[in-house]
Amino acid sequence: MRPALCLLCLLIGPLAGCAPIGAPQAPSLDATVILRDAAMAIGGADRVLAARTLRLEGTAKAYNLGQDLSPESTGQTFVGDYVRRVDLANSRAVLEHTRTPTFLYFAGQQPQKQVQGVDGTVAFNVGANGVATRAPGAAGIDRQAEFYHHPLTALRAALDPAARLTNARAVGAEWAIDVTMPAGVALTLTVDRATKRPARVTTRAHNPYFGDVTIATSFANYQEVGGLLLPTLLTTKTDRWTTMQVQVGKNAVNVDVGSTTAPAAAAPAPAPGPQNVTVDPRGQGIWVLGGGAEGSVLVEFSDHLLLLETPVDEARTLAVIAKARSIVPGKPLTHAVNLHHHVDHSGGVRAAVSEGLTIIAHRNSDAFLRELVSRPRTIAPDALARAPKSLKLELVNDSRVLNDATADVRLFHIAGSTHSTTGLMAYIPSLKLLIEGDDYFVNPAGIYPFAPALLSEITRRGLAVEQIYTIHAPIVPFTDLVQAASVGSRGGAR
Ligand SMILES: [Zn+2]
């Protein structure tokens with residue numbers, strides 16, 4: 001039987017928000033009740049608030065977001081022992097991950113120890129030499145938020161009487177509440193409606209490459225420790241990409257966690273100075289624009305200019321574009337080539353689009369670049385966010401010749417590359433110069449896992465290369481690549 005409508009609804013039609021008489025009423029949601037139940041479900045608010053320290057130990061898998069083989073690949077990970085030492089009372093934590101790459105890596109396959117700390121709003125890293133340095137950029141704000149990506153830290157923050165609890169809501173099989181701490185840090189705590197346990201903590205952040213992102217850590221496989229239930233599986237996602245998975249072997253509460261304070265040596269990093277763009281004229285209308293971690297190459301055509309690579313970030317790419325325009329002021333800079341999708345090589349694409357440049361890239365970068373250019377940037381707006389422009393994108397399949405009476409540049413897909421599926425190399429016949437991203441670059445480890453595939457591709461294409469510009473390092477003779485390819489992943493060259 002259908003429930004009866006109220007008298008007013010019968011007279012003038014059903015009213016929004018008016019439940020039929022006899023229909024079950026949705027329970028009104030109360031953030032404090034959801035929070036109290038969540039605390040109760042893992043041992044009670046008293047135990048949660050009495051916890052002074054947390055030490056978790058296990059293994060972790062970090063994903064290679066933005067640097068994997070293809071834009072949507074998730075196969076490349078760094079795996080190994082993981083320890084998190086948390087001083088709950090003082091909002092300090094140190095994370096130690098001894099990571100071994102599970103894929104071909106330019107630094108080889110040996111473990112690398114990564115030590116990251118947060119002390120209030122100070123984020124610091126400790127290098128292999130034991131020296132602490134302040135983490136750059138917005139890392140302090142981001143790590144302060146990440147500190148709360150655990151049920152204990154999140155619940156303690158929410159139970160603080162000074163915290164503001166808002167927007168209690170049902171989302172599928174979960175309850176969610178928004179928590180704003182007195183210092184302004186905001187998170188969303190999601191609670192499983194069946195178990196009442198915390199299911200997830202979500203925060204928003206600015207990612208230097210992807211702009212606005214949502215970082216969410218899900219909690220599973222709760223186990224009892226000292227009267228508290230704590231998760232033993234923590235999975236972190238940045239938007240749709242899984243970025244970290246921690247498998248906890250042992251949780252310990254109220255144990256000695258050692259020092260977690262920021263070392264005094266972790267002094268604030270100096271503000272970045274002006275970009276240094278050096279100009280190396282190679283003749284034939286070709287200039288190498290160096291001076292940064294990654295370089296670019298300017299090519300002069302009869303009636304326009306083209307830039308190979310828009311690297312690193314907005315600041316770098318805008319400086320390179322300005323330098324390029326100053327070198328040949330009489331011709332418009334109209335095109336920029338992205339040599340592969342990795343974030344340090346595509347980090348300036350948005351800046352190039354903001355300057356009106358048409359982007360040329362391999363077709364496997366199509367969806368990635370379209371998303372990169374259209375993603376929202378409200379937390380830290382860049383030039384493109386402030387004055388949006390649509391992406392003009394020209395895609396290369398196997399190869400493309402860019403030539404006129406003045407210049408001749410040939411783009412080839414590095415088919416079979418073991419570094420990326422999106423790689424292009426540019427060959428300039430007049431200089432017998434090859435320009436490529438990371439398939440070969442001089443590096444201190446003396447390991448060249450991607451060089452054999454690059455060399456075989458150059459050979460297959462029949463290119464008469466005499467010199468290579470590897471973007472990350474100075475121009476080297478072609479014979480260096482031949483030697484590097486013979487060394488490959490074994491190491492030992494240079
Ligand atoms: Zn790369």
# chains A, B, ... in the order shown; residues from 1 in each chain; ligands from 1

$ select_by_dssp --residues "stretch 401-469 of chain A" --states "strand (DSSP E or B)" --output "VMD selection string"
chain A and resid 401 to 403 408 to 413 424 to 428 433 to 435 467 to 469

$ residues_around --residues "A:Leu189" --least-positions-apart "6" --cutoff "8 Å" --atoms "only C-alpha atoms" --output "number ranges by chain"
A: 154, 176-179, 198-202

$ select_by_dssp --residues "stretch 207-424 of chain A" --states "alpha helix (DSSP H)" --output "PyMOL selection string"
chain A and resi 314-327+343-346+349-354+366-374+383-386

$ residues_near_ligand --ligand "ligand 1" --cutoff "12 Å" --atoms "only C-alpha atoms and all ligand atoms" --output "ChimeraX atom specification"
/A:64-71,104-106,294,311-312,338-347,417-424,436-441,450,470-472

$ atom_distance --atom1 "atom CA of A:Arg377" --atom2 "atom CA of A:Tyr209"
10.0 Å

$ closest_residue --among "A:Arg204, A:His149, A:Lys432, A:Arg490" --to "A:Pro452" --atoms "only C-alpha atoms"
A:Arg490

$ atom_distance --atom1 "atom CA of A:Leu393" --atom2 "atom CA of A:Leu298"
18.8 Å

$ closest_residue --among "A:Asn167, A:Thr243, A:Thr188, A:Ser91" --to "A:Thr74" --atoms "only C-alpha atoms"
A:Thr243

$ closest_atom_pairs --of "stretch 141-241 of chain A" --to "stretch 45-51 of chain A" --cutoff "8 Å" --atoms "only C-alpha atoms" --output "Markdown table"
| residue | atom | partner | partner_atom | distance |
| --- | --- | --- | --- | --- |
| A:Leu152 | CA | A:Val48 | CA | 6.4 |
| A:Leu155 | CA | A:Val48 | CA | 7.4 |
| A:Arg156 | CA | A:Leu49 | CA | 6.0 |
| A:Leu159 | CA | A:Ala45 | CA | 7.7 |
| A:Gly227 | CA | A:Arg47 | CA | 7.6 |
| A:Leu228 | CA | A:Arg47 | CA | 7.1 |

$ write_last_selection --atoms "C-alpha atoms" --output "PDB file, in the first residue's frame"
ATOM      1  CA  LEU A 152      44.314   7.539  15.200  1.00  0.00           C
ATOM      2  CA  LEU A 155      40.063  10.810  15.157  1.00  0.00           C
ATOM      3  CA  ARG A 156      42.253  12.665  17.653  1.00  0.00           C
ATOM      4  CA  LEU A 159      37.785  14.832  18.877  1.00  0.00           C
ATOM      5  CA  GLY A 227      42.812  -2.180  23.369  1.00  0.00           C
ATOM      6  CA  LEU A 228      42.719  -0.256  20.096  1.00  0.00           C
TER       7      LEU A 228
END

$ residues_around --residues "A:Ala162" --least-positions-apart "2" --cutoff "8 Å" --atoms "only C-alpha atoms" --output "MDAnalysis selection string"
chainID A and resid 160 164 181:182

$ closest_residue --among "A:Ala361, A:Leu35, A:Val279, A:Val353" --to "A:Ser326" --atoms "only C-alpha atoms"
A:Val279

$ closest_residue --among "A:Val118, A:Leu56, A:Val401, A:Ala170" --to "A:Asp30" --atoms "only C-alpha atoms"
A:Ala170
